[in-house]
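Report on the following structure.
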Amino acid sequence: MTMLCGVGYRRPMHQWISSQPAEVDCLELTAEHFFDGQGEEQLEAIVGTLPLFVHGLGLSLGTPGPLDPATLKQFKAVVDRCDPRWVSEHVAFTRTNEVDLGHLNPVSLTQRNIQRIGEKSRQLANYCGKPVLLENITSSLRFGGNFSETEFLNKICEEGECRLLLDVTNLYINSQNHNFDPLEWLHGIDPRNIAQLHIVGYLQRGGKWIDSHSKPIQQELWDLFAEVIRYSNVEAAIIERDARFDTARQEMVRDLKAMRKFVVDG
Amino acid sequence: MDDIESLALLLRSPQARAMLAKSSEALQDKYGMDDSSIEFVLSLDQEQIEEQAESLLRKRLFEIRFYAPSTLASLGDQTMHLFKSTVSEYWPAGGRRHMLDAKQFLEHLVDCGQSVDYRELNRINFQCEKKRFGVYLLRRGFCHGSGLHIIWRIKSGYQDCWYCLRNK
């Protein structure tokens, strides 16, 4: 199957995306952007035009306790509206009973978290009636524990009957900030687990690599991307741009064309 | 306390992080943490926890920029420092948390006498109050004298316009 090449849908780029540019094979929608009936006009223009994926930010699969019913209901409403090929979330937590941190944080590499996230992945798949992918995140924190990160992710896929959304940029950023070999990390993942990719340019500041989602894709990311698609049978790749929309369109078209060359050249 | 809950406590509370750096016993007593929770937090690199906490604040500020781009642009390099002073224990929840964050921050800036684009604060308040129509006074900054800011709801969000009533 030829890998689909697409972008994350963002409202500032609606006009371009809804014109159905030739470079875009698929779209990923962020579920929370369409909660409470928001964005119905935009959905009307794009649902049914291209293969869609729905990506969540706030289900917080790593949180102790059940999935939040209100968030789950909203998420499903978006899924039902969009009929995506699959849905995705993160190997992370964003909140507990005490606090909503609002953004993704890592979970420790324990059997308890494998079971917790695996169970919620199955629950999400059953509730939405769609396959689930789980994404790796950037983190300043590294955990010790019984498992390596790649063992942990493979076991979650087994426990959760799910696959991975491998964020190539997040992998690269973590490898630079924590000084490990991203290719060695990649080869620790069962290639059958990788279904989709995210990629976008990183920012470097103060000696740290940052997931700013604001830049065109740098060469070292393309090199890692090439190795990922050689290693596994990836079905789709999404450019996940969240900022600097004034220059985004030209940069994303260039990046999509570059991505497509990898697919054609094999 | 689960590992996740222990980590969340440290990420949300600079006071908890400071307490951990001085005395894990004090942290354990204050928050009722069991031995395994303390063992977990002590296994973490404290510098990495600070970096993760800082990155959460940076991401919150990133989201606020969509609500108050002009105000934040005017603050320049002092933006993060000013933001940190408002949020030590304030973590809004739910789908409107970024808007609530922006509201809290801009109101704090007003209290501190910092420059605020009042149109941005009015738009945030309008959306928070879920009004259909609102009229706000513009007193400082944008209009040299005073002005009127009118906001009304439309299908895809809201629209607004403003009039300077008097120029000095």
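The chains in the structure tokens are called A, B, ... from first to last as shown; in each chain the residues are counted from 1, and the ligands are counted from 1 in the order shown.
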Could you name the residues that touch Arg119 in chain B at 9 Å or less, counting only C-alpha atoms, but leaving out those on the same chain fewer than 6 positions away, as a VMD selection string? chain B and resid 136 138 142 149 162
Residues at most 8 Å from Thr138 in chain A, counting only C-alpha atoms, excluding those fewer than 5 positions away in the same chain, as a PyMOL selection string? chain A and resi 170-171+173-174+211
How would the residues just chosen look if you wrote them out with N, CA and C atoms as a PDB file, in the first residue's frame?
ATOM      1  N   ASN A 170       9.556  14.008  17.466  1.00  0.00           N
ATOM      2  CA  ASN A 170       9.673  13.793  18.912  1.00  0.00           C
ATOM      3  C   ASN A 170      10.809  12.821  19.223  1.00  0.00           C
ATOM      4  N   LEU A 171      10.916  11.765  18.417  1.00  0.00           N
ATOM      5  CA  LEU A 171      12.010  10.808  18.616  1.00  0.00           C
ATOM      6  C   LEU A 171      13.354  11.511  18.464  1.00  0.00           C
ATOM      7  N   ILE A 173      14.087  14.766  18.710  1.00  0.00           N
ATOM      8  CA  ILE A 173      14.292  15.748  19.781  1.00  0.00           C
ATOM      9  C   ILE A 173      14.744  15.050  21.063  1.00  0.00           C
ATOM     10  N   ASN A 174      14.046  13.979  21.435  1.00  0.00           N
ATOM     11  CA  ASN A 174      14.430  13.246  22.648  1.00  0.00           C
ATOM     12  C   ASN A 174      15.846  12.689  22.513  1.00  0.00           C
ATOM     13  N   ASP A 211      10.044  21.054  20.592  1.00  0.00           N
ATOM     14  CA  ASP A 211       8.971  20.688  19.649  1.00  0.00           C
ATOM     15  C   ASP A 211       8.044  21.882  19.427  1.00  0.00           C
TER      16      ASP A 211
END
Near Met99 in chain B, within 8 Å and counting only C-alpha atoms, which residues show up once chain neighbours fewer than 2 positions away are dropped, as a list of chain:residue names? B:Ile64, B:Tyr67, B:Arg96, B:Arg97, B:Asp101, B:Ala102, B:Lys103, B:Ile124, B:Cys128
Going by DSSP on the backbone, which residues of chain B come out as strand (DSSP E or B)? List them as a PDB file with C-alpha atoms, in the first residue's frame.
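Final output, selection_8.pdb:
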ATOM      1  CA  PHE B 133     -23.707  41.140  22.024  1.00  0.00           C
ATOM      2  CA  GLY B 134     -21.406  43.283  24.155  1.00  0.00           C
ATOM      3  CA  VAL B 135     -20.338  46.899  24.430  1.00  0.00           C
ATOM      4  CA  TYR B 136     -17.106  47.690  26.241  1.00  0.00           C
ATOM      5  CA  LEU B 137     -15.300  50.911  27.052  1.00  0.00           C
ATOM      6  CA  LEU B 138     -11.752  51.326  25.799  1.00  0.00           C
ATOM      7  CA  SER B 146     -11.636  56.804  25.289  1.00  0.00           C
ATOM      8  CA  GLY B 147     -13.502  54.555  22.924  1.00  0.00           C
ATOM      9  CA  LEU B 148     -16.233  51.996  22.464  1.00  0.00           C
ATOM     10  CA  HIS B 149     -15.596  48.366  21.579  1.00  0.00           C
ATOM     11  CA  ILE B 150     -18.594  46.463  20.219  1.00  0.00           C
ATOM     12  CA  ILE B 151     -18.558  42.673  19.880  1.00  0.00           C
ATOM     13  CA  TRP B 152     -21.278  40.429  18.533  1.00  0.00           C
ATOM     14  CA  ARG B 153     -21.629  36.712  18.002  1.00  0.00           C
ATOM     15  CA  ILE B 154     -21.724  35.170  14.545  1.00  0.00           C
ATOM     16  CA  GLY B 157     -17.347  32.898  16.349  1.00  0.00           C
ATOM     17  CA  TYR B 158     -17.612  36.645  16.799  1.00  0.00           C
ATOM     18  CA  GLN B 159     -16.953  39.950  15.060  1.00  0.00           C
ATOM     19  CA  ASP B 160     -16.052  43.285  16.531  1.00  0.00           C
ATOM     20  CA  CYS B 161     -15.443  46.935  15.775  1.00  0.00           C
ATOM     21  CA  TRP B 162     -14.268  49.894  17.807  1.00  0.00           C
ATOM     22  CA  TYR B 163     -14.688  53.655  17.772  1.00  0.00           C
ATOM     23  CA  CYS B 164     -12.562  56.296  19.393  1.00  0.00           C
ATOM     24  CA  LEU B 165     -14.990  58.710  21.082  1.00  0.00           C
ATOM     25  CA  ARG B 166     -12.598  61.469  21.913  1.00  0.00           C
TER      26      ARG B 166
END
Using only C-alpha atoms, select each residue of chain A with any atom at most 6 Å away from an atom of chain B, and give the selection as a list in words. Asp100, Ser140 and Leu141 of chain A
Suppose we keep C-alpha atoms; can you now write the selection as a PDB file, in the first residue's frame?
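So result-v5.pdb came out as:
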ATOM      1  CA  ASP A 100      -5.373  19.510  34.583  1.00  0.00           C
ATOM      2  CA  SER A 140      12.460  16.455  29.539  1.00  0.00           C
ATOM      3  CA  LEU A 141      12.114  13.480  31.910  1.00  0.00           C
TER       4      LEU A 141
END
Any idea what's packed within 12 Å of range 218-227 of chain A, counting only C-alpha atoms, ignoring anything in its chain fewer than 2 positions away? Could you give it as a PyMOL selection string? chain A and resi 166-173+175-176+181-187+191+196-204+214-216+229-234+237-239+251+254-256+258-266
Any idea what the distance is between CA of Gln74 in chain A and CA of Phe35 in chain A?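 Interatomic distance, CA of Gln74 in chain A to CA of Phe35 in chain A: 5.8 Å.
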Would you return as a ChimeraX atom specification the members of range 97-163 of chain A that DSSP assigns to helix (DSSP H, G or I) on this structure's backbone? /A:111-128,149-160
Hey, what's within 7 Å of range 28-31 of chain A if we count only C-alpha atoms and toss same-chain stuff fewer than 6 positions away? As a PyMOL selection string, please? chain A and resi 7-9+52-56+75+78
Please identify all polymer residues within 9 Å of Gly39 in chain A, counting only C-alpha atoms, omitting same-chain residues fewer than 5 positions from it, and present them as a PyMOL selection string. (chain A and resi 11+33-34+44) or (chain B and resi 156)
Restricting it to C-alpha atoms, dump the selection as a short mmCIF file (atom, residue, chain, number, x, y, z; two decimals), in the first residue's frame.
data_model
loop_
_atom_site.label_atom_id
_atom_site.label_comp_id
_atom_site.auth_asym_id
_atom_site.auth_seq_id
_atom_site.Cartn_x
_atom_site.Cartn_y
_atom_site.Cartn_z
CA ARG A 11 -8.15 26.63 10.85
CA HIS A 33 -10.71 21.68 18.03
CA PHE A 34 -14.19 20.42 17.14
CA GLU A 44 -18.70 20.46 6.15
CA SER B 156 -18.29 30.96 13.18
#
When you draw a straight line from CA of Gly188 in chain A to CA of Glu149 in chain A, how long is it in Å?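 So the answer is 8.8 Å.
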List the neighbours of Glu120 in chain B out to 9 Å using only C-alpha atoms; skip same-chain residues closer than 2 positions along the sequence, and give me the result as a list of chain:residue names.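 So the residues in contact are B:Tyr67, B:Ala68, B:Pro69, B:Ser70, B:Thr71, B:Leu106, B:Val116, B:Asp117, B:Tyr118, B:Asn122, B:Arg123, B:Ile124, B:Asn125.
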How many Å lie between CA of Leu61 in chain A and CA of Asp83 in chain A, rounded to one decimal? 21.8 Å
